[in-house]
There are 4 protein chains.
Amino acid sequence: MFITPIQPRFCETDALGHIGNTTLPIWFEAARLQFFKEIVRYKKLEEWPLIIARIEVDFVRQLFVDGEVEIRTAISAIGNKSFTVYQEAWQSGQLGAKGQTVMAHFDFRTQSTSPITDDIRANLNKHLLAAP
Amino acid sequence: MFITPIQPRFCETDALGHIGNTTLPIWFEAARLQFFKEIVRYKKLEEWPLIIARIEVDFVRQLFVDGEVEIRTAISAIGNKSFTVYQEAWQSGQLGAKGQTVMAHFDFRTQSTSPITDDIRANLNKHLLAAP
Amino acid sequence: MFITPIQPRFCETDALGHIGNTTLPIWFEAARLQFFKEIVRYKKLEEWPLIIARIEVDFVRQLFVDGEVEIRTAISAIGNKSFTVYQEAWQSGQLGAKGQTVMAHFDFRTQSTSPITDDIRANLNKHLLAAP
Amino acid sequence: MFITPIQPRFCETDALGHIGNTTLPIWFEAARLQFFKEIVRYKKLEEWPLIIARIEVDFVRQLFVDGEVEIRTAISAIGNKSFTVYQEAWQSGQLGAKGQTVMAHFDFRTQSTSPITDDIRANLNKHLLAAP
C-alpha cells in the first residue's frame, strides 16, 4: 500500500459538520498524483500518458476536519490499455471511504488509448492487490 | 429530466486545458441540490433526510470552460431505503460525462437509515427513467 | 453594474453552517470571467492578456446555501498597465461581501506587463464607477 | 514563523498551466487552521472564537503543481478585538504569493465581537513580526 497523509481543510467541511462528499475524489486524486510520480516517469505535462475513464466512491463513515486522514492506494486490476486504482481513506483507525478509479493509458501523439508500456506495467504490478 | 444549467468556472479547469475530473462530482451535487428542493420539503438543515452512499462518474468526452454545461438529472432506481440518481453533463450538444449517485433515506432522530416516506417516493416516481 | 447570478452549492458551505470564506474569491472569479468576455475579445487561451496581481475581500455578513447570490461587478480604477475590478455579493437584499481585484495587462509574447490597449480601455471605461 | 508544508494538487492548477489564483486563499486557510490549533484551545466547534473580516493576497510569481509549497504564517498586528495574520507561499526557494487576513475575536454567546482574551493574546505575541 502506498500511503499519503492528508490534513483536512476547514473549507472541505460542509454545513452538516463533517467532510463533504465532493472532497473524497479530490483527496483520492491528490494521492494518485503522488503515487503516479513513482509509477510513471514523465518529462512534460503534455506527454502525461494517463486519463481518467471512471471513478467510484463508497462513503462508509463520516470523516471530520480534526485528525489526519491516511489515503491508502494500490492497484486492483491491470488490463491491456487500462488499469484500476483502489483507494481507501482512513481516519482515527476507521475506514471512512473507499474508491476505484479506472485509468486509460493514452498516447497524446495519436490522441487515442494505447497498450500500457512494459515499464509502467512492471511498476503497477509491484502495487497489485492479491484479492481486490 | 430535470435540467440545471452550469457556467464552467476558470478554476474548474486544470493544467491539461479542460475541466478537471474532480469538478464533475461538484456539478452533479449542485444539480441534485436544486432537484432535491422539489423532491424533499424540509424545514431545517438538521432534519435533511438524505445521505450519499455511493457515487460513480464515467468520463465520456472532455468538457471545456467555454460554453454552458447542462446537467440532466433523473431517477434510475427506487428501493425500500435508498434510491439512485442518474445524471448526465452535456456541452455543445455532446455528452461529456454521466454518473449515478446512491442516496440512502436517513432518519436523523434515530441516526439510521429508514424507509423512504410515501410523499418522497411519489415525487421520485415522477422522475423515474423507464430504461435506466 | 454587470450582474452575475450564482446558485450556492452545498460543498461551498462549511461546518459553521454558512458559505465558507474561500468561496468568495471563487464566485468573484466566476463573475469576472463572464464580465471579461464582454471586455476582452480573445481567440486563444494562450493569448489571454490579463493576469491577477492582487485580490482583497471584505466579509460583511454571512451568506447561506439557500437563496441565489447576485455578484455585481464594475471597474473602480484604470491605470496605464493595470486596472481594478470592484465586486459585491448580495443575497436576500443584503450585502454579504465586497472585493477588489487588481488585474495587470500582460503581453504573452514578451512575457511582461504592457499598456492596456485602446479597445480594452474603452470597454473598461463603460463600467467605471464614479465614486469607487 | 509557523511552517505548513502543502503538496499542490492537480485540480488546483488551471488551464494556464499553473496553480490557480483561487487556490491561495485555500492554502492560507489550511495553514491558519494548523496555526490556530496552537493559539486557541477550544473544545467545541460552536465555540470557535475567530471570524474572518478581510483577506488580501498579492500574487508575486507563478506557482506550479510540481514541488512542495511552504506556507509561512506569523502575526503582523494585534488590536483590541482583532488581529492580522501575515502569510507567504514559497516554492523552490522563491516567494510565490503573500497575504494578510484580518481575524475578529468573536463571542458566540453574545454573537458579537469581543476583546481578545489574555491567553490568546499571549500566544499571538509569540508569533508577532517585528516589522510587518
# chains A, B, ... in the order shown; residues from 1 in each chain; ligands from 1
$ interface_residues --of "chain D" --to "chain C" --cutoff "6 Å" --atoms "only C-alpha atoms" --output "list in words"
Thr22, Pro25, Ile26, Ala53, Arg54, Ile55, Glu56, Val57, Asp58 and Phe59 of chain D
$ select_by_dssp --residues "chain B" --states "strand (DSSP E or B)" --output "PyMOL selection string"
chain B and resi 2-6+13+19+50-59+69-78+82-91+94-107+112-113+128
$ residues_around --residues "A:Lys37" --least-positions-apart "2" --cutoff "12 Å" --atoms "only C-alpha atoms" --output "PDB file with all heavy atoms, in the first residue's frame"
ATOM      1  N   PHE A   2       0.514   2.167  -0.858  1.00  0.00           N
ATOM      2  CA  PHE A   2       1.174   3.463  -0.926  1.00  0.00           C
ATOM      3  C   PHE A   2       0.372   4.410  -0.020  1.00  0.00           C
ATOM      4  O   PHE A   2      -0.846   4.519  -0.167  1.00  0.00           O
ATOM      5  CB  PHE A   2       1.166   3.938  -2.380  1.00  0.00           C
ATOM      6  CG  PHE A   2       1.864   5.235  -2.614  1.00  0.00           C
ATOM      7  CD1 PHE A   2       3.227   5.263  -2.912  1.00  0.00           C
ATOM      8  CD2 PHE A   2       1.170   6.429  -2.550  1.00  0.00           C
ATOM      9  CE1 PHE A   2       3.873   6.468  -3.148  1.00  0.00           C
ATOM     10  CE2 PHE A   2       1.816   7.633  -2.769  1.00  0.00           C
ATOM     11  CZ  PHE A   2       3.167   7.651  -3.077  1.00  0.00           C
ATOM     12  N   ALA A  30      -5.374  13.619  -5.281  1.00  0.00           N
ATOM     13  CA  ALA A  30      -4.115  14.112  -4.710  1.00  0.00           C
ATOM     14  C   ALA A  30      -3.177  12.943  -4.394  1.00  0.00           C
ATOM     15  O   ALA A  30      -1.975  12.993  -4.662  1.00  0.00           O
ATOM     16  CB  ALA A  30      -4.402  14.934  -3.443  1.00  0.00           C
ATOM     17  N   ALA A  31      -3.733  11.868  -3.846  1.00  0.00           N
ATOM     18  CA  ALA A  31      -2.907  10.700  -3.517  1.00  0.00           C
ATOM     19  C   ALA A  31      -2.422   9.989  -4.782  1.00  0.00           C
ATOM     20  O   ALA A  31      -1.284   9.526  -4.840  1.00  0.00           O
ATOM     21  CB  ALA A  31      -3.702   9.737  -2.628  1.00  0.00           C
ATOM     22  N   ARG A  32      -3.278   9.903  -5.804  1.00  0.00           N
ATOM     23  CA  ARG A  32      -2.841   9.258  -7.051  1.00  0.00           C
ATOM     24  C   ARG A  32      -1.702  10.026  -7.694  1.00  0.00           C
ATOM     25  O   ARG A  32      -0.798   9.438  -8.292  1.00  0.00           O
ATOM     26  CB  ARG A  32      -4.014   9.152  -8.047  1.00  0.00           C
ATOM     27  CG  ARG A  32      -5.025   8.072  -7.695  1.00  0.00           C
ATOM     28  CD  ARG A  32      -5.919   7.757  -8.897  1.00  0.00           C
ATOM     29  NE  ARG A  32      -6.524   8.948  -9.474  1.00  0.00           N
ATOM     30  CZ  ARG A  32      -7.686   9.471  -9.083  1.00  0.00           C
ATOM     31  NH1 ARG A  32      -8.390   8.911  -8.120  1.00  0.00           N
ATOM     32  NH2 ARG A  32      -8.156  10.545  -9.669  1.00  0.00           N
ATOM     33  N   LEU A  33      -1.736  11.371  -7.591  1.00  0.00           N
ATOM     34  CA  LEU A  33      -0.659  12.170  -8.181  1.00  0.00           C
ATOM     35  C   LEU A  33       0.687  11.792  -7.573  1.00  0.00           C
ATOM     36  O   LEU A  33       1.675  11.585  -8.294  1.00  0.00           O
ATOM     37  CB  LEU A  33      -0.942  13.667  -7.984  1.00  0.00           C
ATOM     38  CG  LEU A  33       0.095  14.623  -8.572  1.00  0.00           C
ATOM     39  CD1 LEU A  33       0.170  14.497 -10.090  1.00  0.00           C
ATOM     40  CD2 LEU A  33      -0.230  16.074  -8.200  1.00  0.00           C
ATOM     41  N   GLN A  34       0.731  11.679  -6.242  1.00  0.00           N
ATOM     42  CA  GLN A  34       1.986  11.272  -5.588  1.00  0.00           C
ATOM     43  C   GLN A  34       2.363   9.847  -6.011  1.00  0.00           C
ATOM     44  O   GLN A  34       3.516   9.547  -6.281  1.00  0.00           O
ATOM     45  CB  GLN A  34       1.845  11.325  -4.055  1.00  0.00           C
ATOM     46  CG  GLN A  34       1.348  12.653  -3.488  1.00  0.00           C
ATOM     47  CD  GLN A  34       2.219  13.836  -3.856  1.00  0.00           C
ATOM     48  OE1 GLN A  34       3.437  13.739  -3.874  1.00  0.00           O
ATOM     49  NE2 GLN A  34       1.591  14.954  -4.184  1.00  0.00           N
ATOM     50  N   PHE A  35       1.366   8.980  -6.079  1.00  0.00           N
ATOM     51  CA  PHE A  35       1.570   7.585  -6.451  1.00  0.00           C
ATOM     52  C   PHE A  35       2.096   7.473  -7.886  1.00  0.00           C
ATOM     53  O   PHE A  35       3.072   6.751  -8.161  1.00  0.00           O
ATOM     54  CB  PHE A  35       0.219   6.858  -6.312  1.00  0.00           C
ATOM     55  CG  PHE A  35       0.217   5.411  -6.701  1.00  0.00           C
ATOM     56  CD1 PHE A  35       0.888   4.458  -5.948  1.00  0.00           C
ATOM     57  CD2 PHE A  35      -0.489   4.987  -7.823  1.00  0.00           C
ATOM     58  CE1 PHE A  35       0.859   3.106  -6.298  1.00  0.00           C
ATOM     59  CE2 PHE A  35      -0.519   3.650  -8.179  1.00  0.00           C
ATOM     60  CZ  PHE A  35       0.161   2.706  -7.414  1.00  0.00           C
ATOM     61  N   ILE A  39       5.202   5.651 -10.462  1.00  0.00           N
ATOM     62  CA  ILE A  39       4.832   4.655 -11.483  1.00  0.00           C
ATOM     63  C   ILE A  39       5.237   5.110 -12.885  1.00  0.00           C
ATOM     64  O   ILE A  39       5.692   4.328 -13.712  1.00  0.00           O
ATOM     65  CB  ILE A  39       3.298   4.428 -11.462  1.00  0.00           C
ATOM     66  CG1 ILE A  39       2.822   3.984 -10.084  1.00  0.00           C
ATOM     67  CG2 ILE A  39       2.854   3.474 -12.556  1.00  0.00           C
ATOM     68  CD1 ILE A  39       3.330   2.641  -9.652  1.00  0.00           C
ATOM     69  N   VAL A  40       5.003   6.381 -13.139  1.00  0.00           N
ATOM     70  CA  VAL A  40       5.232   6.938 -14.474  1.00  0.00           C
ATOM     71  C   VAL A  40       6.344   7.977 -14.389  1.00  0.00           C
ATOM     72  O   VAL A  40       6.239   8.905 -13.597  1.00  0.00           O
ATOM     73  CB  VAL A  40       3.957   7.655 -15.002  1.00  0.00           C
ATOM     74  CG1 VAL A  40       4.173   8.166 -16.413  1.00  0.00           C
ATOM     75  CG2 VAL A  40       2.753   6.757 -14.908  1.00  0.00           C
ATOM     76  N   ARG A  41       7.365   7.811 -15.173  1.00  0.00           N
ATOM     77  CA  ARG A  41       8.407   8.850 -15.231  1.00  0.00           C
ATOM     78  C   ARG A  41       8.145   9.661 -16.487  1.00  0.00           C
ATOM     79  O   ARG A  41       8.326   9.159 -17.594  1.00  0.00           O
ATOM     80  CB  ARG A  41       9.804   8.211 -15.320  1.00  0.00           C
ATOM     81  CG  ARG A  41      10.039   7.106 -14.317  1.00  0.00           C
ATOM     82  CD  ARG A  41      10.327   7.674 -12.958  1.00  0.00           C
ATOM     83  NE  ARG A  41      10.042   6.656 -11.945  1.00  0.00           N
ATOM     84  CZ  ARG A  41      10.656   6.604 -10.763  1.00  0.00           C
ATOM     85  NH1 ARG A  41      11.564   7.499 -10.438  1.00  0.00           N
ATOM     86  NH2 ARG A  41      10.328   5.681  -9.889  1.00  0.00           N
ATOM     87  N   TYR A  42       7.650  10.876 -16.314  1.00  0.00           N
ATOM     88  CA  TYR A  42       7.348  11.684 -17.489  1.00  0.00           C
ATOM     89  C   TYR A  42       8.135  12.976 -17.388  1.00  0.00           C
ATOM     90  O   TYR A  42       8.532  13.399 -16.310  1.00  0.00           O
ATOM     91  CB  TYR A  42       5.848  11.967 -17.599  1.00  0.00           C
ATOM     92  CG  TYR A  42       5.361  12.985 -16.600  1.00  0.00           C
ATOM     93  CD1 TYR A  42       5.043  14.284 -16.977  1.00  0.00           C
ATOM     94  CD2 TYR A  42       5.242  12.654 -15.255  1.00  0.00           C
ATOM     95  CE1 TYR A  42       4.616  15.209 -16.054  1.00  0.00           C
ATOM     96  CE2 TYR A  42       4.813  13.574 -14.334  1.00  0.00           C
ATOM     97  CZ  TYR A  42       4.501  14.854 -14.739  1.00  0.00           C
ATOM     98  OH  TYR A  42       4.079  15.776 -13.822  1.00  0.00           O
ATOM     99  N   LYS A  43       8.349  13.599 -18.514  1.00  0.00           N
ATOM    100  CA  LYS A  43       9.136  14.837 -18.523  1.00  0.00           C
ATOM    101  C   LYS A  43       8.260  16.065 -18.670  1.00  0.00           C
ATOM    102  O   LYS A  43       8.419  17.030 -17.958  1.00  0.00           O
ATOM    103  CB  LYS A  43      10.191  14.769 -19.621  1.00  0.00           C
ATOM    104  CG  LYS A  43      11.289  13.750 -19.259  1.00  0.00           C
ATOM    105  CD  LYS A  43      12.346  13.633 -20.347  1.00  0.00           C
ATOM    106  CE  LYS A  43      13.153  12.358 -20.168  1.00  0.00           C
ATOM    107  NZ  LYS A  43      12.688  11.269 -21.050  1.00  0.00           N
ATOM    108  N   LEU A  45       4.293  17.811 -19.018  1.00  0.00           N
ATOM    109  CA  LEU A  45       2.888  17.586 -18.703  1.00  0.00           C
ATOM    110  C   LEU A  45       2.114  17.209 -19.969  1.00  0.00           C
ATOM    111  O   LEU A  45       1.189  16.392 -19.925  1.00  0.00           O
ATOM    112  CB  LEU A  45       2.300  18.860 -18.085  1.00  0.00           C
ATOM    113  CG  LEU A  45       0.942  18.716 -17.411  1.00  0.00           C
ATOM    114  CD1 LEU A  45       1.002  17.720 -16.283  1.00  0.00           C
ATOM    115  CD2 LEU A  45       0.470  20.063 -16.904  1.00  0.00           C
ATOM    116  N   TRP A  48       1.862  13.507 -20.536  1.00  0.00           N
ATOM    117  CA  TRP A  48       1.276  12.696 -19.474  1.00  0.00           C
ATOM    118  C   TRP A  48       0.399  11.594 -20.090  1.00  0.00           C
ATOM    119  O   TRP A  48      -0.544  11.867 -20.815  1.00  0.00           O
ATOM    120  CB  TRP A  48       0.468  13.603 -18.549  1.00  0.00           C
ATOM    121  CG  TRP A  48      -0.184  12.887 -17.422  1.00  0.00           C
ATOM    122  CD1 TRP A  48      -1.506  12.597 -17.281  1.00  0.00           C
ATOM    123  CD2 TRP A  48       0.459  12.353 -16.259  1.00  0.00           C
ATOM    124  NE1 TRP A  48      -1.726  11.923 -16.114  1.00  0.00           N
ATOM    125  CE2 TRP A  48      -0.539  11.758 -15.461  1.00  0.00           C
ATOM    126  CE3 TRP A  48       1.780  12.315 -15.819  1.00  0.00           C
ATOM    127  CZ2 TRP A  48      -0.258  11.132 -14.246  1.00  0.00           C
ATOM    128  CZ3 TRP A  48       2.061  11.698 -14.613  1.00  0.00           C
ATOM    129  CH2 TRP A  48       1.047  11.117 -13.846  1.00  0.00           C
ATOM    130  N   PRO A  49       0.672  10.303 -19.791  1.00  0.00           N
ATOM    131  CA  PRO A  49       0.046   9.238 -20.574  1.00  0.00           C
ATOM    132  C   PRO A  49      -1.192   8.591 -19.949  1.00  0.00           C
ATOM    133  O   PRO A  49      -1.592   7.521 -20.396  1.00  0.00           O
ATOM    134  CB  PRO A  49       1.174   8.200 -20.649  1.00  0.00           C
ATOM    135  CG  PRO A  49       1.876   8.355 -19.337  1.00  0.00           C
ATOM    136  CD  PRO A  49       1.740   9.800 -18.918  1.00  0.00           C
ATOM    137  N   LEU A  50      -1.783   9.206 -18.931  1.00  0.00           N
ATOM    138  CA  LEU A  50      -2.923   8.556 -18.268  1.00  0.00           C
ATOM    139  C   LEU A  50      -4.129   9.484 -18.269  1.00  0.00           C
ATOM    140  O   LEU A  50      -3.997  10.668 -17.963  1.00  0.00           O
ATOM    141  CB  LEU A  50      -2.564   8.204 -16.821  1.00  0.00           C
ATOM    142  CG  LEU A  50      -1.363   7.274 -16.616  1.00  0.00           C
ATOM    143  CD1 LEU A  50      -1.080   7.102 -15.126  1.00  0.00           C
ATOM    144  CD2 LEU A  50      -1.593   5.930 -17.272  1.00  0.00           C
ATOM    145  N   ILE A 120       5.790   0.785 -17.233  1.00  0.00           N
ATOM    146  CA  ILE A 120       4.642   1.178 -16.393  1.00  0.00           C
ATOM    147  C   ILE A 120       3.956  -0.080 -15.856  1.00  0.00           C
ATOM    148  O   ILE A 120       3.633  -0.168 -14.668  1.00  0.00           O
ATOM    149  CB  ILE A 120       3.647   2.068 -17.183  1.00  0.00           C
ATOM    150  CG1 ILE A 120       4.285   3.444 -17.459  1.00  0.00           C
ATOM    151  CG2 ILE A 120       2.337   2.221 -16.434  1.00  0.00           C
ATOM    152  CD1 ILE A 120       3.397   4.426 -18.205  1.00  0.00           C
ATOM    153  N   ASN A 123       5.861  -1.477 -12.955  1.00  0.00           N
ATOM    154  CA  ASN A 123       5.663  -0.681 -11.742  1.00  0.00           C
ATOM    155  C   ASN A 123       4.279  -0.887 -11.140  1.00  0.00           C
ATOM    156  O   ASN A 123       4.126  -0.940  -9.920  1.00  0.00           O
ATOM    157  CB  ASN A 123       5.889   0.806 -12.048  1.00  0.00           C
ATOM    158  CG  ASN A 123       7.358   1.136 -12.202  1.00  0.00           C
ATOM    159  OD1 ASN A 123       8.214   0.445 -11.648  1.00  0.00           O
ATOM    160  ND2 ASN A 123       7.660   2.174 -12.969  1.00  0.00           N
ATOM    161  N   LEU A 124       3.276  -1.004 -11.988  1.00  0.00           N
ATOM    162  CA  LEU A 124       1.914  -1.253 -11.493  1.00  0.00           C
ATOM    163  C   LEU A 124       1.858  -2.599 -10.768  1.00  0.00           C
ATOM    164  O   LEU A 124       1.230  -2.717  -9.713  1.00  0.00           O
ATOM    165  CB  LEU A 124       0.911  -1.254 -12.650  1.00  0.00           C
ATOM    166  CG  LEU A 124       0.637   0.099 -13.316  1.00  0.00           C
ATOM    167  CD1 LEU A 124      -0.212  -0.095 -14.569  1.00  0.00           C
ATOM    168  CD2 LEU A 124      -0.052   1.055 -12.354  1.00  0.00           C
TER     169      LEU A 124
ATOM    170  N   ASP D  66       4.224  20.806  -9.549  1.00  0.00           N
ATOM    171  CA  ASP D  66       5.379  20.022  -9.108  1.00  0.00           C
ATOM    172  C   ASP D  66       6.198  20.814  -8.098  1.00  0.00           C
ATOM    173  O   ASP D  66       6.635  21.929  -8.385  1.00  0.00           O
ATOM    174  CB  ASP D  66       6.267  19.645 -10.303  1.00  0.00           C
ATOM    175  CG  ASP D  66       5.666  18.488 -11.099  1.00  0.00           C
ATOM    176  OD1 ASP D  66       5.089  17.582 -10.473  1.00  0.00           O
ATOM    177  OD2 ASP D  66       5.764  18.503 -12.335  1.00  0.00           O
ATOM    178  N   GLY D  67       6.414  20.218  -6.926  1.00  0.00           N
ATOM    179  CA  GLY D  67       7.237  20.871  -5.919  1.00  0.00           C
ATOM    180  C   GLY D  67       6.426  21.296  -4.721  1.00  0.00           C
ATOM    181  O   GLY D  67       5.457  22.049  -4.846  1.00  0.00           O
TER     182      GLY D  67
END
$ atom_distance --atom1 "atom CA of D:Asp107" --atom2 "atom CA of A:Phe64"
23.8 Å
$ residues_around --residues "A:Thr113" --least-positions-apart "3" --cutoff "7 Å" --atoms "only C-alpha atoms" --output "list of chain:residue names"
A:Lys81, A:Ala104, A:His105, A:Phe106, A:Asp107
$ write_last_selection --atoms "N, CA, C and O atoms" --output "tab-separated table (two decimals), in the first residue's frame"
chain	number	residue	atom	x	y	z
A	81	LYS	N	-5.04	-1.92	-22.01
A	81	LYS	CA	-4.90	-0.48	-22.21
A	81	LYS	C	-5.37	0.32	-21.00
A	81	LYS	O	-5.41	1.55	-21.07
A	104	ALA	N	-7.11	5.03	-18.18
A	104	ALA	CA	-6.76	4.52	-19.51
A	104	ALA	C	-5.37	5.02	-19.87
A	104	ALA	O	-5.00	6.16	-19.56
A	105	HIS	N	-4.58	4.16	-20.50
A	105	HIS	CA	-3.26	4.57	-21.00
A	105	HIS	C	-3.48	5.27	-22.34
A	105	HIS	O	-4.18	4.77	-23.21
A	106	PHE	N	-2.88	6.43	-22.49
A	106	PHE	CA	-3.22	7.32	-23.59
A	106	PHE	C	-1.95	7.79	-24.29
A	106	PHE	O	-0.96	8.14	-23.63
A	107	ASP	N	-2.00	7.80	-25.59
A	107	ASP	CA	-0.86	8.30	-26.38
A	107	ASP	C	-1.25	9.66	-26.95
A	107	ASP	O	-2.12	9.75	-27.82
$ residues_around --residues "D:Glu12" --least-positions-apart "5" --cutoff "8 Å" --atoms "only C-alpha atoms" --output "ChimeraX atom specification"
/B:11,14 /D:19-20,23,65
